[in-house]
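Structure, as structure tokens:
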Amino acid sequence: MKIYREIKEFKVQNPVLTVGTFDGVHLGHRKILDVLVKEAEKINGEPVVLTLYPHPRKILDPTFKDLFLLNTLDEKAKLLENAGIKHLIIYPFTKDFASLSSCDFIEKILFNKLNVRKLIVGYDHHFGKDRQGNIDILRNCALPFNIDVLKVDAFTLNNKKVSSTTIRNALLSGEIENTNTCLGYDYFISGKVISGSKIGRTIGFPTANIEVHKEKLIPRKGVYAVKILISDKEYTGMLNIGSRPTVDTSNQLVVETHIFDFEGDLYDKSIKICFKHFIREEQKFPDKEALKQRLLNDKKQTQILFQIQK
């Protein structure tokens with residue numbers, strides 16, 4: 001997949017395009033992307049995603065300034081590539097851009113700069129200033145430029161529409177299985193292993209502390225059953241998100257994972273952690289021995305869960 005950070009670099013024959021933030025690249029997004037790829041094939045064209053960055057809510061609403069996202073840009077790019085997208089345009093979302101009408105967007109950007117042949121939009125897509133551009137307005141605006149506009153119906157699970165917002169809320173509630181079902185893959189965090197306090201190794205549970213991207217949504221505090229990818233090799237383990245109240249009074253949020261059956265130095269190496277199950281909430285124990293006994297129980301529970309999955 002080719003990535004463009006400057007729209008002037010884009011030169012593609014018969015582009016078929018969709019536009020949006022695509023946070024999570026979840027099953028609802030995948031339905032749109034599948035249509036995009038098929039429509040591009042029909043006209044011997046190229047499937048293109050124009051993604052907006054930063055997230056529009058961060059620019060338009062100060063209360064969302066610290067909105068955490070399901071994907072970093074790099075993660076999103078990889079997920080889009082896996083979905084068959086050939087070109088990704090990362091378009092800067094600014095207040096000036098937000099003031100464009102949907103007709104101006106179609107004429108000045110989709111037609112004049114990108115020469116788009118077809119535009120694929122979701123069922124609830126509203127584009128342009130004050131989100132005035134519904135499907136009928138978009139089609140009327142696109143007509144003079146011979147751009148077809150296709151609408152994709154909503155994707156539902158158990159009669160509920162899948163959205164990035166509902167997935168974020170599920171993660172913040174520790175609903176990992178529901179999150180993974182809606183995403184179509186296991187929610188993951190990836191990052192470099194950084195130096196920690198090394199307290200875990202004193203009770204038989206050495207951990208790798210992960211430096212998480214500042215925009216990445218970290219799930220609810222607690223203990224999780226996880227899979228860990230290290231240099232394309234998969235391991236089983238359990239991860240803790242929290243402030244470690246039994247052994248630390250700094251109240252600093254830490255993401256640390258104990259990897260089963262692993263020996264080696266991971267400092268400064270990048271690893272990927274996939275969430276499978278929520279085990280329990282974070283707790284404060286009377287002492288390190290009580291913590292150790294609970295961690296042994298957590299490990300046993302985690303191993304049982306993964307044995308069931310095999």
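Scheme for the structure tokens: letters A, B, ... for chains in order shown; per-chain residue numbers from 1; ligand numbers from 1 in order shown.
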Quiz item: Using the chain letters and numbers from this document, which residues of stretch 32-196 of chain A does DSSP assign to strand (DSSP E or B), as a ChimeraX atom specification?
Solution: /A:46-53,69,87-92,118-122,127,133,148-152,156-157,160-161,188-194
Please dump the current selection as a CSV table (one decimal), in the first residue's frame; keep C-alpha atoms.
chain,number,residue,atom,x,y,z
A,46,GLU,CA,-7.6,1.4,-7.4
A,47,PRO,CA,-9.2,1.4,-3.9
A,48,VAL,CA,-8.3,4.5,-2.0
A,49,VAL,CA,-8.9,5.6,1.6
A,50,LEU,CA,-8.7,9.2,2.6
A,51,THR,CA,-8.4,9.3,6.4
A,52,LEU,CA,-8.6,12.4,8.5
A,53,TYR,CA,-6.0,13.2,11.0
A,69,LEU,CA,-8.1,6.0,19.8
A,87,HIS,CA,-3.6,3.8,-1.4
A,88,LEU,CA,-4.0,5.7,1.8
A,89,ILE,CA,-4.2,9.5,1.9
A,90,ILE,CA,-3.6,11.0,5.4
A,91,TYR,CA,-5.4,14.3,5.1
A,92,PRO,CA,-4.9,17.0,7.8
A,118,LYS,CA,-16.6,6.6,-7.4
A,119,LEU,CA,-17.2,7.7,-3.8
A,120,ILE,CA,-18.3,5.0,-1.2
A,121,VAL,CA,-19.9,6.2,2.0
A,122,GLY,CA,-21.4,4.6,5.1
A,127,PHE,CA,-19.9,15.3,5.3
A,133,GLY,CA,-23.8,16.5,3.4
A,148,ASP,CA,-20.9,7.9,-8.6
A,149,VAL,CA,-21.8,7.9,-4.9
A,150,LEU,CA,-22.7,4.6,-3.4
A,151,LYS,CA,-24.1,4.1,0.1
A,152,VAL,CA,-23.2,1.0,2.2
A,156,THR,CA,-25.0,-5.0,12.8
A,157,LEU,CA,-24.2,-7.6,15.4
A,160,LYS,CA,-26.8,-3.4,17.2
A,161,LYS,CA,-24.8,-1.2,15.0
A,188,PHE,CA,-3.8,-5.0,20.8
A,189,ILE,CA,-1.3,-2.6,22.1
A,190,SER,CA,2.3,-2.5,20.8
A,191,GLY,CA,5.3,-0.6,22.0
A,192,LYS,CA,8.8,-0.7,23.3
A,193,VAL,CA,9.7,-2.5,26.5
A,194,ILE,CA,11.0,0.0,29.0
Exercise. Could you please write out, as a ChimeraX atom specification, every residue of stretch 90-255 of chain A that DSSP assigns to helix (DSSP H, G or I)?
Key: /A:95-98,102-111,129-131,135-145,164-172,176-183,200-203
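Neighbouring residues of A:His258 at 10 Å or closer, counting only C-alpha atoms and skipping chain neighbours under 3 positions away, are Gly200, Arg201, Gly204, Phe205, Pro206, Thr207, Ala208, Asn209, Ala225, Val226, Ile228, Thr236, Gly237, Met238, Leu239, Asn240, Asp261, Phe262 and Lys299 of chain A.
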Output N, CA and C atoms for every residue in that selection, as a compact mmCIF listing (two decimals), in the first residue's frame.
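Done, and the output landed in out.txt:
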# COMPACT_ATOMS: atom_id res chain seq x y z
N GLY A 200 8.33 -7.24 40.37
CA GLY A 200 7.69 -8.50 40.00
C GLY A 200 8.62 -9.70 40.11
N ARG A 201 9.86 -9.51 39.73
CA ARG A 201 10.79 -10.65 39.74
C ARG A 201 11.09 -11.12 41.16
N GLY A 204 8.56 -13.82 41.86
CA GLY A 204 8.42 -14.87 40.86
C GLY A 204 7.60 -14.50 39.64
N PHE A 205 7.29 -13.20 39.47
CA PHE A 205 6.50 -12.76 38.32
C PHE A 205 7.18 -11.57 37.64
N PRO A 206 8.31 -11.83 36.97
CA PRO A 206 8.96 -10.73 36.24
C PRO A 206 8.05 -10.22 35.13
N THR A 207 8.07 -8.91 34.92
CA THR A 207 7.18 -8.32 33.92
C THR A 207 7.95 -7.45 32.94
N ALA A 208 7.38 -7.32 31.75
CA ALA A 208 7.89 -6.38 30.75
C ALA A 208 6.95 -5.17 30.75
N ASN A 209 7.49 -4.00 31.04
CA ASN A 209 6.71 -2.77 31.04
C ASN A 209 6.69 -2.18 29.63
N ALA A 225 -5.89 -11.87 30.42
CA ALA A 225 -5.22 -12.96 29.73
C ALA A 225 -4.87 -12.47 28.33
N VAL A 226 -3.59 -12.63 27.94
CA VAL A 226 -3.14 -12.04 26.68
C VAL A 226 -2.26 -13.01 25.91
N ILE A 228 1.19 -12.66 23.42
CA ILE A 228 2.27 -11.72 23.17
C ILE A 228 3.06 -12.16 21.95
N THR A 236 2.04 -16.92 25.58
CA THR A 236 0.88 -16.70 26.42
C THR A 236 1.32 -15.95 27.67
N GLY A 237 0.44 -15.13 28.22
CA GLY A 237 0.79 -14.42 29.43
C GLY A 237 -0.39 -13.71 30.04
N MET A 238 -0.11 -12.92 31.05
CA MET A 238 -1.15 -12.09 31.66
C MET A 238 -0.61 -10.68 31.84
N LEU A 239 -1.49 -9.74 31.68
CA LEU A 239 -1.10 -8.33 31.66
C LEU A 239 -1.85 -7.59 32.75
N ASN A 240 -1.15 -6.65 33.38
CA ASN A 240 -1.77 -5.80 34.38
C ASN A 240 -1.76 -4.35 33.91
N ASP A 261 6.74 -18.91 30.26
CA ASP A 261 7.75 -19.71 29.56
C ASP A 261 8.63 -18.88 28.63
N PHE A 262 9.04 -17.72 29.12
CA PHE A 262 9.95 -16.89 28.32
C PHE A 262 11.15 -16.50 29.16
N LYS A 299 -2.68 -16.74 37.14
CA LYS A 299 -1.96 -17.51 36.12
C LYS A 299 -2.69 -18.82 35.83
Quiz prompt | Residue with smallest distance to A:Asp248 - pool A:Gly28, A:Gly174, A:Pro56, A:Gly196, counting only C-alpha atoms | solution = A:Gly196
Quiz item: Which of these residues is nearest to A:Phe275, using only C-alpha atoms: A:Ala142, A:Ile203, A:Ile176, A:Leu217?
Solution: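 Counting only C-alpha atoms, the residue closest to A:Phe275 is A:Ile176.
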Quiz item: What's the 7 Å shell around A:Glu282, counting only C-alpha atoms, without same-chain residues fewer than 4 positions away, as a PyMOL selection string?
Solution: chain A and resi 221-223+242
Exercise. Using only C-alpha atoms, determine which residues lie at most 6 Å from A:Lys227, disregarding the query and same-chain residues fewer than 3 positions distant; provide the list as a ChimeraX atom specification.
Key: /A:235-236,273-274
Self-check item: Nearest residue to A:Ile167 from the set A:Gln293, A:Asn71, A:Gln301, A:Ser102 (distances using only C-alpha atoms)
Solution: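 Looking only at the distances to A:Ile167, the closest residue turns out to be A:Asn71.
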